[in-house]
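Listing of work.cif; format and content: mmCIF, C-alpha atoms and all ligand atoms.
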data_protein
#
loop_
_atom_site.label_atom_id
_atom_site.label_comp_id
_atom_site.auth_asym_id
_atom_site.auth_seq_id
_atom_site.Cartn_x
_atom_site.Cartn_y
_atom_site.Cartn_z
CA MET A 1 3.69 -17.85 3.95
CA SER A 2 1.87 -16.21 1.07
CA LEU A 3 -0.70 -13.49 0.59
CA GLU A 4 -3.61 -15.16 -1.12
CA ALA A 5 -6.65 -13.62 -2.73
CA ARG A 6 -9.09 -16.42 -3.51
CA ASN A 7 -11.97 -16.11 -5.96
CA ILE A 8 -12.56 -12.42 -5.35
CA SER A 9 -15.68 -10.81 -6.84
CA PHE A 10 -16.63 -7.21 -6.22
CA GLY A 11 -18.68 -4.34 -7.62
CA TYR A 12 -19.83 -1.13 -5.94
CA PRO A 13 -23.58 -0.77 -5.38
CA CYS A 14 -25.16 0.61 -8.58
CA GLY A 15 -21.83 0.08 -10.37
CA ARG A 16 -20.56 -2.58 -12.75
CA SER A 17 -18.84 -5.70 -11.52
CA LEU A 18 -15.08 -5.05 -11.23
CA TYR A 19 -13.78 -8.60 -10.74
CA CYS A 20 -15.28 -12.03 -10.88
CA ASP A 21 -13.53 -15.03 -9.31
CA TRP A 22 -10.17 -13.24 -9.39
CA SER A 23 -7.29 -14.96 -7.58
CA LEU A 24 -3.69 -14.11 -6.78
CA SER A 25 -0.95 -15.57 -4.65
CA VAL A 26 2.06 -13.45 -3.67
CA GLU A 27 5.15 -14.92 -2.03
CA PRO A 28 7.14 -12.90 0.54
CA ALA A 29 10.05 -12.18 -1.81
CA GLU A 30 7.82 -10.98 -4.65
CA ARG A 31 6.97 -7.48 -5.83
CA VAL A 32 3.79 -7.78 -7.83
CA ALA A 33 2.36 -4.96 -9.97
CA LEU A 34 -1.41 -4.79 -10.44
CA CYS A 35 -2.02 -3.63 -13.99
CA ALA A 36 -5.19 -2.36 -15.62
CA PRO A 37 -6.60 0.72 -17.33
CA SER A 38 -7.77 3.66 -15.26
CA GLY A 39 -11.02 2.90 -13.47
CA ALA A 40 -10.68 -0.88 -13.76
CA GLY A 41 -10.43 -1.31 -10.00
CA LYS A 42 -6.77 -1.33 -8.92
CA THR A 43 -7.28 0.93 -5.89
CA THR A 44 -10.40 -0.99 -4.90
CA LEU A 45 -8.44 -4.22 -5.07
CA CYS A 46 -5.67 -2.73 -2.92
CA ARG A 47 -8.27 -1.96 -0.25
CA ILE A 48 -9.65 -5.50 -0.48
CA LEU A 49 -6.16 -7.04 -0.23
CA ALA A 50 -5.42 -4.93 2.86
CA GLY A 51 -8.68 -5.96 4.52
CA TYR A 52 -10.31 -2.51 4.43
CA LEU A 53 -13.06 -3.57 2.07
CA ALA A 54 -14.86 -6.92 2.08
CA PRO A 55 -15.24 -8.69 -1.29
CA GLN A 56 -18.70 -9.92 -2.25
CA THR A 57 -17.31 -13.39 -2.74
CA GLY A 58 -13.95 -14.89 -1.92
CA GLU A 59 -11.41 -14.13 0.78
CA VAL A 60 -7.94 -12.74 1.39
CA LEU A 61 -5.56 -14.72 3.57
CA VAL A 62 -2.07 -14.26 4.96
CA ASP A 63 -0.49 -17.49 6.08
CA GLY A 64 -3.95 -19.03 5.90
CA GLU A 65 -5.51 -16.41 8.22
CA PRO A 66 -8.14 -13.95 6.93
CA VAL A 67 -6.96 -10.33 6.75
CA ALA A 68 -10.49 -9.00 7.21
CA SER A 69 -10.87 -6.46 9.98
CA GLY A 70 -12.15 -7.65 13.33
CA ARG A 71 -10.42 -10.98 13.04
CA ILE A 72 -6.90 -9.75 13.60
CA ARG A 73 -5.20 -9.20 16.91
CA GLY A 74 -2.35 -6.69 16.87
CA PRO A 75 -1.08 -4.79 13.83
CA ARG A 76 -2.46 -5.72 10.43
CA PRO A 77 -0.20 -8.12 8.49
CA VAL A 78 -1.01 -6.26 5.29
CA GLN A 79 -0.46 -2.50 5.36
CA LEU A 80 -1.76 -0.18 2.69
CA ILE A 81 -0.01 2.97 1.56
CA TRP A 82 -2.41 4.73 -0.69
CA GLN A 83 -2.19 7.61 -3.07
CA HIS A 84 -3.65 10.36 -0.84
CA PRO A 85 -1.36 10.77 2.19
CA GLU A 86 -3.26 13.87 3.31
CA GLN A 87 -6.26 11.63 3.99
CA ALA A 88 -4.26 9.05 5.89
CA PHE A 89 -3.75 11.10 9.06
CA ASP A 90 -6.03 12.58 11.69
CA PRO A 91 -5.87 16.32 10.84
CA ARG A 92 -5.85 17.25 14.56
CA MET A 93 -3.08 14.83 15.54
CA ARG A 94 0.59 15.84 15.49
CA MET A 95 2.79 13.66 13.32
CA GLY A 96 4.73 12.15 16.22
CA ARG A 97 1.48 10.90 17.73
CA SER A 98 0.38 9.46 14.37
CA LEU A 99 3.68 7.64 14.14
CA ALA A 100 3.12 6.24 17.63
CA GLU A 101 -0.18 4.74 16.43
CA GLY A 102 1.70 2.72 13.82
CA ALA A 103 4.19 1.49 16.37
CA CYS A 104 1.41 0.63 18.85
CA ALA A 105 3.54 2.68 21.27
CA ARG A 106 2.18 4.49 24.30
CA SER A 107 4.46 7.50 23.96
CA VAL A 108 5.63 9.57 21.04
CA ASP A 109 9.21 9.35 22.31
CA GLY A 110 8.92 5.56 22.42
CA ALA A 111 7.64 5.41 18.84
CA VAL A 112 10.32 7.78 17.56
CA LYS A 113 12.98 5.72 19.31
CA VAL A 114 11.70 2.55 17.62
CA ALA A 115 11.54 4.34 14.27
CA ARG A 116 15.08 5.59 14.77
CA ASP A 117 16.40 2.21 15.96
CA GLU A 118 14.86 0.50 12.93
CA GLY A 119 16.48 3.06 10.64
CA LEU A 120 13.16 4.40 9.37
CA MET A 121 13.76 8.06 10.22
CA ASP A 122 17.00 8.13 8.23
CA ALA A 123 15.86 5.82 5.46
CA PHE A 124 12.84 7.98 4.65
CA GLY A 125 14.39 11.33 5.49
CA ILE A 126 11.97 12.20 8.29
CA ARG A 127 13.17 15.30 10.14
CA ASP A 128 12.75 15.73 13.89
CA GLU A 129 11.04 19.11 13.49
CA TRP A 130 8.24 17.52 11.48
CA LEU A 131 7.16 15.40 14.45
CA SER A 132 5.47 18.29 16.22
CA ARG A 133 3.61 19.49 13.12
CA LEU A 134 0.02 18.83 12.08
CA PRO A 135 -0.57 17.06 8.73
CA HIS A 136 -1.52 20.28 6.91
CA GLU A 137 1.85 21.77 7.91
CA LEU A 138 3.73 19.22 5.76
CA SER A 139 4.01 18.79 2.01
CA GLY A 140 2.46 15.82 0.25
CA GLY A 141 5.88 14.22 -0.19
CA GLU A 142 6.77 14.71 3.48
CA LEU A 143 3.44 13.21 4.53
CA MET A 144 4.09 10.24 2.27
CA ARG A 145 7.34 9.54 4.11
CA PHE A 146 5.36 9.37 7.35
CA CYS A 147 2.83 7.03 5.72
CA ILE A 148 5.60 4.64 4.74
CA ALA A 149 7.36 4.79 8.11
CA ARG A 150 4.09 4.30 10.01
CA ALA A 151 3.19 1.29 7.89
CA LEU A 152 6.65 -0.26 8.34
CA LEU A 153 6.57 0.26 12.10
CA ALA A 154 3.74 -2.28 12.16
CA HIS A 155 6.12 -4.88 10.63
CA PRO A 156 3.67 -6.02 7.94
CA ARG A 157 4.22 -9.25 6.05
CA TYR A 158 3.01 -7.49 2.91
CA LEU A 159 2.96 -3.86 1.88
CA ILE A 160 0.44 -2.59 -0.68
CA CYS A 161 1.73 0.54 -2.42
CA ASP A 162 -0.99 2.30 -4.40
CA GLU A 163 0.66 5.09 -6.43
CA MET A 164 2.89 5.55 -3.42
CA SER A 165 5.56 7.69 -5.01
CA ALA A 166 3.51 9.55 -7.62
CA MET A 167 3.80 12.89 -5.83
CA LEU A 168 7.54 12.68 -5.20
CA ASP A 169 10.19 14.19 -7.46
CA ALA A 170 12.36 11.73 -9.38
CA VAL A 171 15.33 11.88 -7.00
CA THR A 172 13.20 11.47 -3.86
CA GLN A 173 11.20 8.71 -5.54
CA ALA A 174 14.41 6.78 -6.21
CA GLU A 175 15.63 7.30 -2.63
CA VAL A 176 12.34 6.17 -1.10
CA TRP A 177 12.09 3.05 -3.26
CA ARG A 178 15.74 2.17 -2.66
CA ALA A 179 15.17 2.36 1.11
CA LEU A 180 11.93 0.43 0.88
CA LEU A 181 13.39 -2.37 -1.25
CA ALA A 182 16.31 -2.76 1.15
CA LEU A 183 13.92 -3.06 4.09
CA ALA A 184 11.64 -5.45 2.19
CA GLU A 185 14.60 -7.69 1.45
CA GLU A 186 15.88 -7.52 5.02
CA ARG A 187 12.45 -8.35 6.46
CA GLY A 188 11.27 -10.78 3.78
CA MET A 189 8.29 -8.52 3.11
CA GLY A 190 6.29 -8.90 -0.09
CA ILE A 191 5.07 -5.88 -2.06
CA VAL A 192 2.00 -5.36 -4.20
CA MET A 193 2.14 -2.13 -6.17
CA VAL A 194 0.14 0.08 -8.47
CA SER A 195 1.86 2.74 -10.53
CA HIS A 196 1.17 4.66 -13.71
CA ALA A 197 4.93 4.98 -14.35
CA PRO A 198 6.15 2.17 -16.65
CA ALA A 199 9.83 2.89 -15.88
CA LEU A 200 9.19 2.46 -12.17
CA LEU A 201 7.41 -0.84 -12.73
CA ASP A 202 10.26 -2.04 -14.94
CA ARG A 203 12.68 -1.37 -12.11
CA ILE A 204 10.64 -2.56 -9.11
CA ALA A 205 8.13 -5.24 -10.09
CA THR A 206 9.18 -8.87 -10.29
CA ARG A 207 5.81 -9.83 -11.78
CA ARG A 208 2.75 -8.15 -13.32
CA VAL A 209 -0.81 -9.32 -13.08
CA SER A 210 -3.92 -8.04 -14.80
CA VAL A 211 -6.85 -6.76 -12.80
CA GLY A 212 -10.46 -6.31 -13.79
CA LEU A 213 -12.98 -7.82 -16.11
CA ASP A 214 -12.09 -5.80 -19.19
CA VAL A 215 -8.39 -6.61 -19.10
CA ASP A 216 -7.24 -9.51 -21.19
CA ALA A 217 -4.06 -8.41 -22.92
CA PRO A 218 -1.10 -10.62 -21.95
CA ASP A 219 1.36 -7.74 -22.18
CA VAL A 220 -0.25 -4.87 -20.30
CA ARG A 221 2.82 -2.67 -20.70
CA SER A 222 2.12 -1.91 -24.31
CA SER A 223 -1.59 -1.29 -24.12
CA HIS A 224 -2.61 -0.10 -20.68
CA ALA A 225 -1.81 2.52 -18.16
CA VAL A 226 -0.42 0.71 -15.15
N1 LIG B 1 -16.77 4.30 -3.18
C1 LIG B 1 -17.15 4.08 -4.45
N2 LIG B 1 -18.45 3.98 -4.76
C2 LIG B 1 -18.85 3.72 -6.03
N3 LIG B 1 -18.00 3.55 -7.06
C3 LIG B 1 -16.69 3.66 -6.80
C4 LIG B 1 -16.18 3.93 -5.49
N4 LIG B 1 -14.82 3.96 -5.55
C5 LIG B 1 -14.50 3.73 -6.83
N5 LIG B 1 -15.60 3.55 -7.59
C6 LIG B 1 -15.64 3.23 -9.02
O1 LIG B 1 -15.09 1.93 -9.16
C7 LIG B 1 -14.27 1.85 -10.33
C8 LIG B 1 -12.85 1.40 -9.93
O2 LIG B 1 -12.24 2.45 -9.19
P1 LIG B 1 -10.71 2.33 -8.71
O3 LIG B 1 -10.36 3.60 -8.04
O4 LIG B 1 -10.57 1.07 -7.96
O5 LIG B 1 -9.97 2.19 -10.12
P2 LIG B 1 -8.41 2.32 -10.50
O6 LIG B 1 -8.11 1.22 -11.45
O7 LIG B 1 -7.60 2.39 -9.26
O8 LIG B 1 -8.39 3.73 -11.23
P3 LIG B 1 -7.17 4.77 -11.47
O9 LIG B 1 -6.10 4.06 -12.23
O10 LIG B 1 -7.83 5.84 -12.28
O11 LIG B 1 -6.73 5.28 -10.12
C9 LIG B 1 -14.31 3.23 -10.97
O12 LIG B 1 -15.25 3.17 -12.04
C10 LIG B 1 -14.78 4.15 -9.86
O13 LIG B 1 -15.54 5.22 -10.38
#
Please re-express this file's structure in structure tokens.
Amino acid sequence: MSLEARNISFGYPCGRSLYCDWSLSVEPAERVALCAPSGAGKTTLCRILAGYLAPQTGEVLVDGEPVASGRIRGPRPVQLIWQHPEQAFDPRMRMGRSLAEGACARSVDGAVKVARDEGLMDAFGIRDEWLSRLPHELSGGELMRFCIARALLAHPRYLICDEMSAMLDAVTQAEVWRALLALAEERGMGIVMVSHAPALLDRIATRRVSVGLDVDAPDVRSSHAV
């Protein structure tokens, strides 16, 4: 039932090695924070865990099946919400249509109905009038709500949240996380998160793990940005 990263090694071409033989196992009820200094490779690891980037050695499995692209039928079991929502949508596609992609629905109305039935529109405060807008006609925070709803429509087993709420104000951030944690509990969905906000990690994460070759402190809270 777990998300397993086994013996992952990776470095960008012409760059240093970011991880060597790095492993992690995340159970469905867990919320694991990836902790390391800036530039150590947290975002890169998020992309590897979600199957968007292949490691040089090792593999990522969900329930024993590789998450790597091309081997999965249907929606990805690991969905990634990353820190730049403006880059997560086709700039020429209206938001309702983008939502339909997440739901694997043929029609926008069908996708919106599913999103409504699953409580996602209310939970993430998505307004009807936003559905007919293009991505550049929404704020970063509004786009982020669509990112989360679209990812959840795919019913992932694990959600990777890379600085997901960094651009939201404190009240909205609390609302979004409250809704997400309730859904994660209801669905038995595990979460892997990256955040530079220690207070948020204190509240959300059930476990912290260190990432990267130059990270060896046992208590990353005191010494590293997370
Ligand atoms: N596409 C790329 N090509 C080459 N190098 C890259 C690429 N993407 C990232 N890097 C480099 O890889 C290293 C890890 O980057 P990454 O974004 O994963 O770090 P991070 O821990 O998420 O950083 P931050 O906390 O600042 O967001 C950095 O030194 C970065 O410059």
Exercise for the section: Choose the residue, out of A:Gly190, A:Gly140, A:Pro91, A:Pro55, that has the smallest atom-to-atom separation from A:Val26; count all atoms listed in the file. Expected result: A:Gly190
Exercise for the section: Work out how far atom CA of A:Ala199 is from atom CA of A:Gln173, in Å to one decimal. Expected result: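 Going from atom CA of A:Gln173 over to atom CA of A:Ala199, I get 11.9 Å.
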Point (-16.2, -3.4, -4.6), cut-off 7 Å, counting only C-alpha atoms, residues as a CSV table (one decimal) with C-alpha atoms, in the coordinates of the input:
chain,number,residue,atom,x,y,z
A,10,PHE,CA,-16.6,-7.2,-6.2
A,11,GLY,CA,-18.7,-4.3,-7.6
A,12,TYR,CA,-19.8,-1.1,-5.9
A,18,LEU,CA,-15.1,-5.0,-11.2
A,44,THR,CA,-10.4,-1.0,-4.9
A,55,PRO,CA,-15.2,-8.7,-1.3
Exercise for the section: Please give me, as a ChimeraX atom specification, the residues lying within 12 Å of ligand LIG 1 (chain B) when counting all atoms listed in the file. Expected result: /A:10-19,34-48,53,82-84,161-164,166,193-197,210-215,224-226
Handout entry: Selected residue of minimal separation from A:Leu143 among A:Arg187, A:Trp177, A:Glu86, A:Ala123, counting all atoms listed in the file
Key =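 Closest residue, counting all atoms listed in the file: A:Glu86.
Every protein, DNA or RNA residue with an atom at most 12 Å from A:Gly141, where only C-alpha atoms count and chain neighbours fewer than 5 positions away do not, is listed here: Gln83, His84, Pro85, Glu86, Phe124, Gly125, Ile126, Pro135, His136, Phe146, Cys147, Ile148, Met164, Ser165, Ala166, Met167, Leu168, Asp169, Ala170, Val171, Thr172, Gln173 and Val176 of chain A.
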Handout entry: Separation of atom CA of A:Ala151 from atom CA of A:Glu129 in Å
Key = 20.3 Å
Problem - Which residue of A:Tyr158, A:Phe89, A:Trp130, A:Tyr52 approaches A:Glu4 most closely, using all atoms listed in the file - result: A:Tyr158
Exercise for the section: Point out the residue among A:Ala103, A:Ala5, A:Ala88, A:Ala205 with the least atom-to-atom distance to A:Ile191, counting all atoms listed in the file. Expected result: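 Checking each candidate against A:Ile191, we get A:Ala205 as the closest.
Residues with any atom within 9 Å of A:Ser132, counting all atoms listed in the file and excluding same-chain neighbours fewer than 2 positions away, are A:Arg94, A:Met95, A:Gly96, A:Arg97, A:Asp128, A:Glu129, A:Trp130, A:Leu134.
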How would the residues just picked look written out with C-alpha atoms as an mmCIF file, in the frame of the given file?
data_model
loop_
_atom_site.group_PDB
_atom_site.id
_atom_site.type_symbol
_atom_site.label_atom_id
_atom_site.label_comp_id
_atom_site.auth_asym_id
_atom_site.auth_seq_id
_atom_site.Cartn_x
_atom_site.Cartn_y
_atom_site.Cartn_z
ATOM 1 C CA ARG A 94 0.590 15.840 15.490
ATOM 2 C CA MET A 95 2.790 13.660 13.320
ATOM 3 C CA GLY A 96 4.730 12.150 16.220
ATOM 4 C CA ARG A 97 1.480 10.900 17.730
ATOM 5 C CA ASP A 128 12.750 15.730 13.890
ATOM 6 C CA GLU A 129 11.040 19.110 13.490
ATOM 7 C CA TRP A 130 8.240 17.520 11.480
ATOM 8 C CA LEU A 134 0.020 18.830 12.080
#
Fill in the blank from the handout: With distances taken over only C-alpha atoms, the candidate from A:Gly58, A:Gly64, A:Gly102, A:Pro28 nearest A:Leu159 is A:Pro28
Problem - All residues 12 Å or closer to A:Asp122, all atoms listed in the file, same chain fewer than 4 positions away omitted, as a ChimeraX atom specification - result: /A:112,115-118,126-128,145-146,149,175-176,179-180
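Taking atom CA of A:Ile8 and atom CA of A:Trp22 as the two end points, the separation is 4.8 Å.
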Handout entry: Nearest to A:Val67 by atom-to-atom distance, counting all atoms listed in the file, from A:Gly119, A:Pro198, A:Pro156, A:Gly51
Key =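 With all atoms listed in the file as the atom set, the closest residue is A:Gly51.
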Practice task
Can you pull out every residue within 12 Å of A:Ala29, counting all atoms listed in the file, but drop anything in the same chain fewer than 4 positions away, and send it as a ChimeraX atom specification?
Solution key: /A:1-3,25,157-159,181-192,205-207
